[in-house]
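Visitor: One file is attached below, run_9.tsv, containing TSV, C-alpha atoms.
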```tsv
chain	number	residue	atom	x	y	z
A	969	MET	CA	115.22	154.57	130.50
A	970	SER	CA	115.86	152.86	127.19
A	971	SER	CA	115.98	149.17	126.36
A	972	LYS	CA	116.48	147.13	123.22
A	973	ALA	CA	114.58	143.92	122.72
A	974	GLY	CA	116.80	142.23	120.19
A	975	SER	CA	116.71	145.63	118.41
A	976	GLU	CA	113.65	144.70	116.25
A	977	VAL	CA	111.53	146.57	118.75
A	978	LEU	CA	112.78	149.35	121.05
A	979	PHE	CA	111.34	150.53	124.38
A	980	GLU	CA	112.08	153.80	126.13
A	981	LYS	CA	110.58	156.16	128.66
A	982	VAL	CA	110.16	159.76	127.48
A	983	GLY	CA	108.92	161.70	130.49
A	984	ASN	CA	105.88	159.79	131.70
A	985	ALA	CA	105.27	158.07	128.35
A	986	GLY	CA	106.34	154.54	127.50
A	987	VAL	CA	107.42	154.60	123.84
A	988	ILE	CA	107.50	151.50	121.62
A	989	THR	CA	109.37	151.73	118.30
A	990	LEU	CA	108.89	148.99	115.72
A	991	ASN	CA	112.43	148.82	114.37
A	992	ARG	CA	112.52	146.86	111.11
A	993	PRO	CA	112.44	149.75	108.63
A	994	LYS	CA	113.89	147.69	105.76
A	995	ALA	CA	111.00	145.23	106.19
A	996	LEU	CA	108.53	148.16	106.58
A	997	ASN	CA	108.39	147.25	110.29
A	998	ALA	CA	106.58	143.98	109.57
A	999	LEU	CA	105.52	142.33	112.81
A	1000	ASN	CA	107.08	138.98	113.70
A	1001	LEU	CA	106.59	136.63	116.65
A	1002	THR	CA	109.75	137.82	118.43
A	1003	MET	CA	108.43	141.41	118.41
A	1004	ILE	CA	105.01	140.29	119.70
A	1005	ARG	CA	106.74	138.40	122.52
A	1006	HIS	CA	108.58	141.56	123.58
A	1007	ILE	CA	105.70	144.05	123.21
A	1008	TYR	CA	103.11	142.04	125.17
A	1009	PRO	CA	105.00	141.80	128.50
A	1010	GLN	CA	106.18	145.42	128.19
A	1011	LEU	CA	102.58	146.64	127.84
A	1012	LYS	CA	101.61	144.58	130.90
A	1013	LYS	CA	104.53	146.06	132.86
A	1014	TRP	CA	103.71	149.68	131.93
A	1015	ASP	CA	100.05	149.11	132.74
A	1016	LYS	CA	101.01	148.41	136.36
A	1017	ASP	CA	103.74	151.08	136.56
A	1018	SER	CA	102.62	154.22	138.43
A	1019	GLU	CA	105.38	156.23	136.68
A	1020	THR	CA	103.92	155.49	133.23
A	1021	ASP	CA	100.90	157.61	132.23
A	1022	LEU	CA	100.46	156.56	128.62
A	1023	VAL	CA	101.94	154.40	125.87
A	1024	ILE	CA	103.01	155.63	122.42
A	1025	ILE	CA	103.75	153.21	119.56
A	1026	LYS	CA	105.46	154.23	116.31
A	1027	GLY	CA	107.46	152.80	113.41
A	1028	ALA	CA	111.11	153.47	112.56
A	1029	GLY	CA	112.06	154.97	109.19
A	1030	GLU	CA	110.24	157.22	106.75
A	1031	LYS	CA	107.87	154.79	105.05
A	1032	ALA	CA	105.85	152.67	107.42
A	1033	PHE	CA	104.22	152.34	110.80
A	1034	CYS	CA	103.84	148.60	110.17
A	1035	ALA	CA	103.07	147.04	106.80
A	1036	GLY	CA	101.62	143.85	108.32
A	1037	GLY	CA	102.55	140.56	109.89
A	1038	ASP	CA	105.58	138.58	108.78
A	1039	ILE	CA	103.45	136.47	106.45
A	1040	ARG	CA	106.35	134.76	104.67
A	1041	ALA	CA	107.60	133.24	107.93
A	1042	VAL	CA	104.06	132.04	108.74
A	1043	THR	CA	103.72	130.48	105.26
A	1044	GLU	CA	106.97	128.57	105.62
A	1045	ALA	CA	105.93	127.36	109.07
A	1046	GLY	CA	102.50	126.27	107.84
A	1047	LYS	CA	104.02	124.24	105.00
A	1048	ALA	CA	106.50	122.58	107.36
A	1049	GLY	CA	103.88	121.86	110.04
A	1050	ASP	CA	105.80	124.12	112.44
A	1051	SER	CA	103.95	125.46	115.50
A	1052	LEU	CA	104.71	129.06	114.45
A	1053	ALA	CA	101.59	128.82	112.24
A	1054	GLN	CA	99.51	128.53	115.43
A	1055	ASP	CA	101.69	130.58	117.79
A	1056	PHE	CA	101.92	133.66	115.59
A	1057	PHE	CA	98.16	134.14	115.20
A	1058	ARG	CA	97.37	133.16	118.78
A	1059	GLU	CA	99.89	135.54	120.35
A	1060	GLU	CA	99.16	138.33	117.86
A	1061	TYR	CA	95.43	138.20	118.67
A	1062	ILE	CA	96.14	138.14	122.43
A	1063	LEU	CA	98.23	141.30	121.89
A	1064	ASN	CA	95.39	142.89	119.87
A	1065	ASN	CA	93.02	142.20	122.77
A	1066	THR	CA	95.51	143.64	125.28
A	1067	ILE	CA	95.60	146.87	123.25
A	1068	GLY	CA	91.79	146.90	122.97
A	1069	THR	CA	91.35	146.58	126.74
A	1070	TYR	CA	94.35	148.69	127.81
A	1071	GLN	CA	93.65	150.79	130.91
A	1072	LYS	CA	96.02	153.65	130.08
A	1073	PRO	CA	95.92	155.95	127.03
A	1074	TYR	CA	97.47	154.12	124.06
A	1075	VAL	CA	98.57	156.36	121.19
A	1076	ALA	CA	99.46	154.83	117.79
A	1077	LEU	CA	101.34	157.16	115.44
A	1078	ILE	CA	100.32	155.64	112.10
A	1079	ASP	CA	102.63	157.87	110.05
A	1080	GLY	CA	103.09	155.76	106.90
A	1081	ILE	CA	102.01	152.34	105.62
A	1082	THR	CA	99.60	150.67	108.07
A	1083	MET	CA	98.24	147.35	106.84
A	1084	GLY	CA	97.09	144.02	108.27
A	1085	GLY	CA	99.05	143.35	111.46
A	1086	GLY	CA	99.93	147.05	111.67
A	1087	VAL	CA	96.22	147.87	111.81
A	1088	GLY	CA	95.93	145.37	114.68
A	1089	LEU	CA	98.64	147.23	116.62
A	1090	SER	CA	96.82	150.55	116.23
A	1091	VAL	CA	93.09	150.46	115.54
A	1092	HIS	CA	92.09	148.92	118.90
A	1093	GLY	CA	93.96	151.61	120.84
A	1094	GLN	CA	92.28	154.69	122.28
A	1095	PHE	CA	94.10	157.16	120.00
A	1096	ARG	CA	95.20	156.63	116.39
A	1097	VAL	CA	97.00	159.58	114.82
A	1098	ALA	CA	97.08	159.63	111.01
A	1099	THR	CA	99.23	161.92	108.86
A	1100	GLU	CA	99.35	162.77	105.15
A	1101	LYS	CA	101.71	159.77	104.79
A	1102	THR	CA	99.26	157.24	106.23
A	1103	LEU	CA	98.29	154.43	103.85
A	1104	PHE	CA	95.68	152.05	105.26
A	1105	ALA	CA	94.55	148.74	103.79
A	1106	MET	CA	93.36	145.28	104.76
A	1107	PRO	CA	94.44	143.47	101.54
A	1108	GLU	CA	94.13	139.90	102.82
A	1109	THR	CA	91.52	138.55	100.36
A	1110	GLY	CA	94.21	138.96	97.68
A	1111	ILE	CA	96.51	136.48	99.43
A	1112	GLY	CA	93.97	133.84	100.39
A	1113	LEU	CA	93.52	135.11	103.95
A	1114	PHE	CA	90.85	137.37	105.54
A	1115	PRO	CA	91.04	140.78	107.28
A	1116	ASP	CA	92.02	139.47	110.71
A	1117	VAL	CA	93.53	141.16	113.82
A	1118	GLY	CA	89.99	142.07	114.88
A	1119	GLY	CA	88.81	143.19	111.41
A	1120	GLY	CA	85.56	141.38	112.14
A	1121	TYR	CA	85.05	143.84	115.00
A	1122	PHE	CA	86.14	147.24	113.68
A	1123	LEU	CA	85.14	146.94	110.00
A	1124	PRO	CA	81.38	146.30	110.42
A	1125	ARG	CA	81.28	149.27	112.82
A	1126	LEU	CA	82.28	151.74	110.09
A	1127	GLN	CA	79.48	153.69	108.42
A	1128	GLY	CA	77.04	151.78	106.21
A	1129	LYS	CA	78.65	149.04	104.12
A	1130	LEU	CA	82.06	150.73	103.99
A	1131	GLY	CA	83.71	148.11	106.25
A	1132	LEU	CA	82.48	145.21	104.13
A	1133	PHE	CA	83.63	147.06	100.98
A	1134	LEU	CA	87.13	147.63	102.42
A	1135	ALA	CA	87.31	144.03	103.64
A	1136	LEU	CA	86.38	142.40	100.33
A	1137	THR	CA	88.20	144.72	97.92
A	1138	GLY	CA	91.30	145.54	100.02
A	1139	ILE	CA	91.06	149.12	98.73
A	1140	ARG	CA	93.60	151.60	100.15
A	1141	LEU	CA	92.73	154.75	102.05
A	1142	LYS	CA	95.23	157.57	102.42
A	1143	GLY	CA	95.95	160.45	104.78
A	1144	ARG	CA	93.01	162.39	106.15
A	1145	ASP	CA	90.53	159.85	104.73
A	1146	VAL	CA	91.73	157.34	107.34
A	1147	GLN	CA	90.46	159.74	110.01
A	1148	ARG	CA	87.30	160.62	108.09
A	1149	VAL	CA	86.10	157.01	108.16
A	1150	GLY	CA	86.93	156.63	111.86
A	1151	LEU	CA	89.94	154.31	111.60
A	1152	ALA	CA	92.09	157.16	112.98
A	1153	THR	CA	90.91	159.46	115.77
A	1154	HIS	CA	93.13	162.45	114.85
A	1155	PHE	CA	95.03	163.89	111.89
A	1156	VAL	CA	98.37	165.65	112.41
A	1157	GLN	CA	100.91	166.75	109.81
A	1158	SER	CA	103.82	164.33	109.62
A	1159	ASP	CA	106.45	166.92	110.59
A	1160	LYS	CA	104.52	167.65	113.81
A	1161	VAL	CA	104.27	164.05	115.03
A	1162	ILE	CA	107.61	164.41	116.86
A	1163	TYR	CA	105.95	166.83	119.31
A	1164	ILE	CA	103.51	164.12	120.45
A	1165	GLU	CA	106.51	162.12	121.65
A	1166	THR	CA	108.48	164.97	123.20
A	1167	ASP	CA	105.97	167.48	124.60
A	1168	GLN	CA	105.47	167.16	128.33
A	1169	TYR	CA	101.81	166.47	129.12
A	1170	THR	CA	100.17	163.97	131.43
A	1171	GLY	CA	98.21	160.99	130.19
A	1172	LYS	CA	94.86	162.36	131.28
A	1173	PHE	CA	95.33	165.40	129.03
A	1174	ILE	CA	96.25	163.46	125.89
A	1175	ARG	CA	92.79	163.77	124.28
A	1176	LYS	CA	92.72	167.53	124.92
A	1177	TYR	CA	96.31	167.85	123.70
A	1178	LEU	CA	95.65	166.00	120.42
A	1179	THR	CA	92.30	167.71	119.79
A	1180	ALA	CA	93.03	171.27	120.92
A	1181	VAL	CA	96.79	171.64	120.37
A	1182	MET	CA	97.89	169.29	117.57
A	1183	SER	CA	94.88	168.92	115.23
A	1184	PRO	CA	94.22	172.67	114.72
A	1185	GLN	CA	97.83	173.07	113.50
A	1186	SER	CA	97.17	170.60	110.69
A	1187	SER	CA	94.89	172.00	107.98
A	1188	LEU	CA	96.64	170.00	105.23
A	1189	ASP	CA	94.13	168.37	102.82
A	1190	ALA	CA	91.19	169.58	104.94
A	1191	GLU	CA	89.51	170.95	101.80
A	1192	LYS	CA	89.94	167.75	99.80
A	1193	PRO	CA	86.74	165.69	99.69
A	1194	PHE	CA	86.68	162.10	100.96
A	1195	VAL	CA	87.95	159.87	98.13
A	1196	LEU	CA	84.81	157.70	98.20
A	1197	GLN	CA	82.35	160.54	98.85
A	1198	GLU	CA	80.62	160.19	95.48
A	1199	GLN	CA	80.49	156.39	95.78
A	1200	THR	CA	79.16	156.11	99.35
A	1201	GLU	CA	75.55	155.67	98.29
A	1202	ALA	CA	76.55	153.14	95.62
A	1203	ILE	CA	78.67	151.15	98.11
A	1204	ASP	CA	75.76	150.95	100.57
A	1205	ARG	CA	73.35	149.88	97.82
A	1206	LEU	CA	75.56	147.44	95.94
A	1207	PHE	CA	77.12	145.77	99.00
A	1208	SER	CA	73.78	145.33	100.81
A	1209	ALA	CA	73.34	141.69	99.95
A	1210	GLY	CA	72.93	138.27	101.47
A	1211	SER	CA	75.99	136.74	99.83
A	1212	VAL	CA	79.12	137.53	97.81
A	1213	GLU	CA	77.38	136.15	94.71
A	1214	GLU	CA	74.56	138.65	95.26
A	1215	ILE	CA	77.10	141.51	95.53
A	1216	MET	CA	78.66	140.39	92.22
A	1217	GLU	CA	75.20	140.27	90.67
A	1218	ASN	CA	74.43	143.79	91.96
A	1219	LEU	CA	77.70	145.12	90.53
A	1220	LYS	CA	77.13	143.53	87.11
A	1221	LYS	CA	73.55	144.81	86.92
A	1222	ASP	CA	74.62	148.32	87.94
A	1223	GLY	CA	77.14	148.54	85.10
A	1224	SER	CA	78.65	151.88	86.17
A	1225	ALA	CA	82.42	152.44	85.82
A	1226	PHE	CA	82.73	152.20	89.62
A	1227	ALA	CA	80.77	148.91	89.74
A	1228	LEU	CA	82.76	147.40	86.88
A	1229	LYS	CA	86.02	148.30	88.59
A	1230	GLN	CA	84.89	146.53	91.79
A	1231	THR	CA	83.80	143.47	89.78
A	1232	GLU	CA	87.26	143.33	88.25
A	1233	THR	CA	88.94	143.70	91.67
A	1234	LEU	CA	86.79	141.03	93.35
A	1235	SER	CA	87.29	138.58	90.48
A	1236	LYS	CA	91.04	138.55	91.28
A	1237	MET	CA	90.52	137.65	94.96
A	1238	SER	CA	90.41	134.18	96.47
A	1239	PRO	CA	86.76	133.01	96.23
A	1240	THR	CA	87.18	131.16	99.54
A	1241	SER	CA	88.59	134.29	101.20
A	1242	LEU	CA	85.71	136.41	99.89
A	1243	LYS	CA	83.13	134.04	101.37
A	1244	LEU	CA	84.98	133.70	104.68
A	1245	THR	CA	85.31	137.48	104.92
A	1246	PHE	CA	81.66	138.13	104.07
A	1247	ARG	CA	80.52	135.86	106.89
A	1248	GLN	CA	83.23	137.13	109.28
A	1249	ILE	CA	81.96	140.73	108.86
A	1250	GLN	CA	78.33	139.62	109.22
A	1251	GLU	CA	78.99	137.66	112.41
A	1252	GLY	CA	81.43	140.19	113.86
A	1253	ALA	CA	78.84	142.99	113.79
A	1254	ARG	CA	77.08	141.25	116.68
A	1255	MET	CA	80.16	140.19	118.66
A	1256	SER	CA	82.53	141.64	121.25
A	1257	LEU	CA	86.19	142.09	120.29
A	1258	GLN	CA	87.04	138.99	122.33
A	1259	GLU	CA	84.43	136.85	120.54
A	1260	VAL	CA	85.68	138.13	117.18
A	1261	LEU	CA	89.30	137.21	117.95
A	1262	VAL	CA	88.25	133.67	118.99
A	1263	MET	CA	86.35	133.37	115.68
A	1264	GLU	CA	89.28	134.77	113.69
A	1265	TYR	CA	91.73	132.36	115.28
A	1266	ARG	CA	89.53	129.49	114.00
A	1267	LEU	CA	89.56	131.07	110.54
A	1268	SER	CA	93.34	131.55	110.62
A	1269	GLN	CA	93.86	127.86	111.31
A	1270	ALA	CA	91.41	126.93	108.54
A	1271	CYS	CA	93.52	129.03	106.16
A	1272	MET	CA	96.67	127.26	107.39
A	1273	ARG	CA	95.02	123.91	106.53
A	1274	GLY	CA	93.87	125.10	103.10
A	1275	HIS	CA	95.45	125.89	99.73
A	1276	ASP	CA	94.76	129.53	98.88
A	1277	PHE	CA	96.88	131.23	101.55
A	1278	TYR	CA	100.08	129.48	100.38
A	1279	GLU	CA	99.22	130.12	96.74
A	1280	GLY	CA	98.36	133.79	97.38
A	1281	VAL	CA	101.62	134.44	99.23
A	1282	ARG	CA	103.54	132.69	96.45
A	1283	ALA	CA	101.89	134.76	93.70
A	1284	VAL	CA	101.95	138.14	95.45
A	1285	LEU	CA	104.99	138.09	97.75
A	1286	ILE	CA	107.41	135.39	96.59
A	1287	ASP	CA	107.28	134.81	92.80
A	1288	LYS	CA	105.38	138.11	92.33
A	1289	ASP	CA	103.71	136.87	89.13
A	1290	GLN	CA	100.38	138.23	90.49
A	1291	SER	CA	98.60	135.19	89.00
A	1292	PRO	CA	97.37	133.01	91.85
A	1293	LYS	CA	95.60	129.78	90.93
A	1294	TRP	CA	92.82	129.64	93.50
A	1295	LYS	CA	91.18	126.33	94.50
A	1296	PRO	CA	88.21	126.41	94.14
A	1297	SER	CA	88.55	129.00	91.37
A	1298	THR	CA	84.94	130.21	91.44
A	1299	LEU	CA	82.51	131.41	94.11
A	1300	SER	CA	80.06	128.65	93.15
A	1301	GLY	CA	82.80	126.10	93.79
A	1302	VAL	CA	83.09	127.15	97.46
A	1303	SER	CA	80.44	125.16	99.32
A	1304	GLU	CA	78.53	126.39	102.36
A	1305	GLN	CA	79.75	123.29	104.18
A	1306	ALA	CA	83.41	124.21	103.52
A	1307	ILE	CA	82.81	127.70	104.94
A	1308	GLU	CA	80.88	126.31	107.91
A	1309	GLU	CA	83.82	124.04	108.79
A	1310	CYS	CA	86.18	127.03	108.91
A	1311	PHE	CA	84.05	128.60	111.68
A	1312	SER	CA	83.89	125.37	113.75
A	1313	SER	CA	85.32	125.25	117.26
A	1314	LEU	CA	88.87	123.95	117.64
A	1315	GLY	CA	87.96	122.51	121.05
A	1316	GLU	CA	90.98	122.56	123.35
A	1317	ARG	CA	92.96	124.48	120.73
A	1318	ASP	CA	90.53	127.44	120.62
A	1319	LEU	CA	92.00	130.85	121.44
A	1320	LYS	CA	91.75	131.67	125.15
A	1321	LEU	CA	91.74	135.34	126.17
```
Go ahead and express the file in the form of structure tokens.

Guide:
Amino acid sequence: MSSKAGSEVLFEKVGNAGVITLNRPKALNALNLTMIRHIYPQLKKWDKDSETDLVIIKGAGEKAFCAGGDIRAVTEAGKAGDSLAQDFFREEYILNNTIGTYQKPYVALIDGITMGGGVGLSVHGQFRVATEKTLFAMPETGIGLFPDVGGGYFLPRLQGKLGLFLALTGIRLKGRDVQRVGLATHFVQSDKVIYIETDQYTGKFIRKYLTAVMSPQSSLDAEKPFVLQEQTEAIDRLFSAGSVEEIMENLKKDGSAFALKQTETLSKMSPTSLKLTFRQIQEGARMSLQEVLVMEYRLSQACMRGHDFYEGVRAVLIDKDQSPKWKPSTLSGVSEQAIEECFSSLGERDLKL
């Protein structure tokens, strides 16, 4: 069985596995609303289908699993007052929740760039298979957004303050490090990923198959230390703070090369995004995935009403001058009241899961 959903996303049955292929390789498989609207019902259908044991999701091409959501389309919609600015986030988060609560094994082959919306399509699933080509990041604070798609749930559950550090700085993790921090469950060499799709095994043996058959064949980079190994203690110490301002103060006082580099990185980010993200991670640590997605939908709509998201997308993705003019331009200019309003209920328009 094979079916094309407008060709941007492909569905096929390989043995007892339902296979989803994100098929926009020229756009690094960026996720758009049309794709979401095809994937969601297909997942529901396979969940009920007794002939389908597990679901596998992968990206077409050599470079990316999924480099994120189709942010440019969302920006244009937000400026024009088009409903896509609500629909995209609402339906994307409903899909994230479906993956997070899926009853059958869900295997994401994150063989390449996996950022933003691509993380949402993978990290909530039961199995996430990284390769040496995996490049993970949640770079949203650099475009006036926040690490959404459930970032408020999975990031604070990483070790120590690592999740907050990744959320604020947007730093990239590569290859085996993505598994080391727990964002991936397994590491397999890229040239062996094809076997996960084609080998005949039943869904209930997928964990054993990945752990006992695939992982031992992949010793690549096993000897390399974790890229942040020497900074782990510093991250926990410097990012243990009651506010973003306090983190900045800690970094300046510390004065090490690592701390100065983080100060420089954070000073380029949207001050509003940094404060939203700090609180999002704080709150999310105590919430269920569903509660986090409701909170994040409120934040997404606050960003659609604001200035920095449009300016960040312009500077980074459209004009590419890398010089966004944030408003407010300083952390002190972002009031507690402004942040509080972003977390307020939308009433009837709140996300319903």

Visitor: Please report as CSV every residue of stretch 1141-1193 of chain A lying within 9 Å of stretch 1116-1127 of chain A, along with the nearest atom pair and their distance in Å (one decimal), using all atoms listed in the file.

Guide:
```
residue,atom,partner,partner_atom,distance
A:Val1149,CA,A:Leu1126,CA,6.8
A:Gly1150,CA,A:Leu1126,CA,7.0
A:Leu1151,CA,A:Leu1126,CA,8.2
```

Visitor: Nearest residue to A:Arg1247 out of A:Leu1319, A:Thr1002, A:Ala1190, A:Ser1211, using all atoms listed in the file?

Guide: A:Ser1211

Visitor: Using all atoms listed in the file, find the one residue out of A:Ala1202, A:Lys1072, A:Gly1280, A:Ile1081 that sits nearest to A:Gly1223.

Guide: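 Among A:Ala1202, A:Lys1072, A:Gly1280, A:Ile1081, it is A:Ala1202 that comes nearest to A:Gly1223.
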
Visitor: Show me the residues around (92.5, 149.9, 102.1) - criterion: an atom at most 10 Å away, all atoms listed in the file counted - as an MDAnalysis selection string.

Guide: chainID A and resid 1082:1084 1103:1107 1131 1133:1142 1146

Visitor: Counting all atoms listed in the file, which residue out of A:Phe1311, A:Phe1033, A:Tyr1008, A:Phe1277 sits closest to A:Pro993?

Guide: A:Phe1033

Visitor: What is the atom CA of A:Arg1175-atom CA of A:Thr1102 distance in Å, reported with one decimal?

Guide: 20.3 Å

Visitor: Would you mind listing what lies within 7 Å of stretch 1179-1183 of chain A as a PyMOL selection string, with only C-alpha atoms counted and same-chain residues fewer than 2 positions away left out?

Guide: chain A and resi 1154-1156+1175-1177+1185-1186

Visitor: Which residue gives the smallest distance to A:Val1042 among A:Cys1310, A:Ile1007, A:Val1281, A:Leu1196, with all atoms listed in the file counted?

Guide: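 Ranked by minimum distance to A:Val1042, first place goes to A:Val1281.
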
Visitor: Find the residues of stretch 1240-1272 of chain A that sit at most 10 Å from stretch 1300-1303 of chain A; for each, write down the nearest two atoms and how far apart they are in Å, to one decimal. Count only C-alpha atoms. Sort by chain, then by number going up, and give it as a tab-separated table.

Guide:
```
residue	atom	partner	partner_atom	distance
A:Thr1240	CA	A:Val1302	CA	6.1
A:Ser1241	CA	A:Val1302	CA	9.8
A:Leu1242	CA	A:Val1302	CA	9.9
A:Lys1243	CA	A:Val1302	CA	7.9
A:Leu1244	CA	A:Val1302	CA	9.9
```

Visitor: Using 12 Å as the limit and counting only C-alpha atoms, can you tabulate each residue of stretch 1086-1112 of chain A that touches stretch 1284-1290 of chain A, with its shortest atom-to-atom distance in Å and the two atoms involved, as JSON lines?

Guide:
```
{"residue": "A:Pro1107", "atom": "CA", "partner": "A:Val1284", "partner_atom": "CA", "distance": 11.0}
{"residue": "A:Glu1108", "atom": "CA", "partner": "A:Val1284", "partner_atom": "CA", "distance": 10.9}
{"residue": "A:Thr1109", "atom": "CA", "partner": "A:Val1284", "partner_atom": "CA", "distance": 11.5}
{"residue": "A:Gly1110", "atom": "CA", "partner": "A:Val1284", "partner_atom": "CA", "distance": 8.1}
{"residue": "A:Ile1111", "atom": "CA", "partner": "A:Val1284", "partner_atom": "CA", "distance": 6.9}
{"residue": "A:Gly1112", "atom": "CA", "partner": "A:Val1284", "partner_atom": "CA", "distance": 10.3}
```

Visitor: Just to be explicit: take each residue in the selection above, keep C-alpha atoms, and write the result as a PDB file, in the coordinates of the input.

Guide:
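Full text of selection.pdb as output:
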```
ATOM      1  CA  PRO A1107      94.440 143.470 101.540  1.00  0.00           C
ATOM      2  CA  GLU A1108      94.130 139.900 102.820  1.00  0.00           C
ATOM      3  CA  THR A1109      91.520 138.550 100.360  1.00  0.00           C
ATOM      4  CA  GLY A1110      94.210 138.960  97.680  1.00  0.00           C
ATOM      5  CA  ILE A1111      96.510 136.480  99.430  1.00  0.00           C
ATOM      6  CA  GLY A1112      93.970 133.840 100.390  1.00  0.00           C
TER       7      GLY A1112
END
```

Visitor: So the first atom is atom CA of A:Arg1273 and the second is atom CA of A:Ile1062; what is the distance between them in Å, to one decimal place?

Guide: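 Calculated distance between atom CA of A:Arg1273 and atom CA of A:Ile1062 is 21.4 Å.
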
Visitor: Could you name the residues that touch A:His1092 at 12 Å or less, counting all atoms listed in the file, but leaving out those on the same chain fewer than 3 positions away, as a ChimeraX atom specification?

Guide: /A:1061,1063-1070,1073-1076,1085-1089,1095-1096,1117-1119,1121-1123,1150-1153,1257-1258

Visitor: May I ask for the distance between atom CA of A:Lys1320 and atom CA of A:Ser1090, given in Å to one decimal place?

Guide: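 That distance, rounded to one decimal, is 21.5 Å.
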
Visitor: I'd like to know which of A:Gln1147, A:Ser1313, A:Ser1235, A:Ser1297 is closest to A:Phe1194, using only C-alpha atoms.

Guide: A:Gln1147

Visitor: Nearest to A:Val1260: which of A:Glu1044, A:Pro1115, A:Ile1215, A:Asp1204 is it, counting only C-alpha atoms?

Guide: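 The answer is A:Pro1115, which sits nearest to A:Val1260.
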
Visitor: Within 10 Å of (80.9, 143.2, 93.3) in the file's own coordinates, which protein, DNA or RNA residues have an atom, counting only C-alpha atoms? List them as a count of residues only.

Guide: 27

Visitor: For A:Leu1022, work out the shell of residues within 9 Å, counting only C-alpha atoms and skipping chain neighbours fewer than 3 positions away, then give it as a list in words.

Guide: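 Once the nearby chain positions are removed, what remains is Asn984, Ala985, Gly986, Val987, Trp1014, Asp1015, Lys1072, Pro1073, Tyr1074, Val1075, Thr1170, Gly1171, Lys1172 and Ile1174 of chain A.
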
Visitor: Please provide the set of residues having any atom within 9 Å of A:Thr1166, restricted to only C-alpha atoms, with same-chain residues fewer than 2 positions apart removed, written as a ChimeraX atom specification.

Guide: /A:982-983,1162-1164,1168

Visitor: Return the padded bounding box of stretch 1201-1218 of chain A as JSON: axis-aligned, built from all atoms listed in the file, 4 Å added on each side, with centre and edge lengths in Å to one decimal.

Guide:
```
{"center_x": 76.0, "center_y": 145.9, "center_z": 96.1, "size_x": 14.2, "size_y": 27.5, "size_z": 18.8}
```

Visitor: Since the input lacks atoms, please generate N, CA and C atoms for stretch 1303-1316 of chain A and provide them as a short mmCIF file (atom, residue, chain, number, x, y, z; two decimals), in the frame of the given file.

Guide:
```cif
data_model
loop_
_atom_site.label_atom_id
_atom_site.label_comp_id
_atom_site.auth_asym_id
_atom_site.auth_seq_id
_atom_site.Cartn_x
_atom_site.Cartn_y
_atom_site.Cartn_z
N SER A 1303 81.71 125.61 98.72
CA SER A 1303 80.44 125.16 99.32
C SER A 1303 80.19 125.80 100.68
N GLU A 1304 78.92 125.87 101.03
CA GLU A 1304 78.53 126.39 102.36
C GLU A 1304 79.14 125.52 103.46
N GLN A 1305 79.19 124.22 103.19
CA GLN A 1305 79.75 123.29 104.18
C GLN A 1305 81.23 123.60 104.44
N ALA A 1306 81.97 123.90 103.36
CA ALA A 1306 83.41 124.21 103.52
C ALA A 1306 83.59 125.46 104.37
N ILE A 1307 82.74 126.46 104.16
CA ILE A 1307 82.81 127.70 104.94
C ILE A 1307 82.43 127.42 106.40
N GLU A 1308 81.37 126.66 106.56
CA GLU A 1308 80.88 126.31 107.91
C GLU A 1308 81.99 125.65 108.72
N GLU A 1309 82.73 124.75 108.10
CA GLU A 1309 83.82 124.04 108.79
C GLU A 1309 84.91 125.00 109.28
N CYS A 1310 85.15 126.06 108.52
CA CYS A 1310 86.18 127.03 108.91
C CYS A 1310 85.83 127.76 110.21
N PHE A 1311 84.52 127.88 110.48
CA PHE A 1311 84.05 128.60 111.68
C PHE A 1311 83.87 127.66 112.87
N SER A 1312 84.13 126.36 112.67
CA SER A 1312 83.89 125.37 113.75
C SER A 1312 84.90 125.53 114.87
N SER A 1313 84.45 125.19 116.07
CA SER A 1313 85.32 125.25 117.26
C SER A 1313 86.52 124.32 117.08
N LEU A 1314 87.66 124.76 117.65
CA LEU A 1314 88.87 123.95 117.64
C LEU A 1314 89.00 123.17 118.96
N GLY A 1315 87.94 123.22 119.76
CA GLY A 1315 87.96 122.51 121.05
C GLY A 1315 89.03 123.06 121.97
N GLU A 1316 89.89 122.16 122.43
CA GLU A 1316 90.98 122.56 123.35
C GLU A 1316 91.93 123.59 122.74
#
```
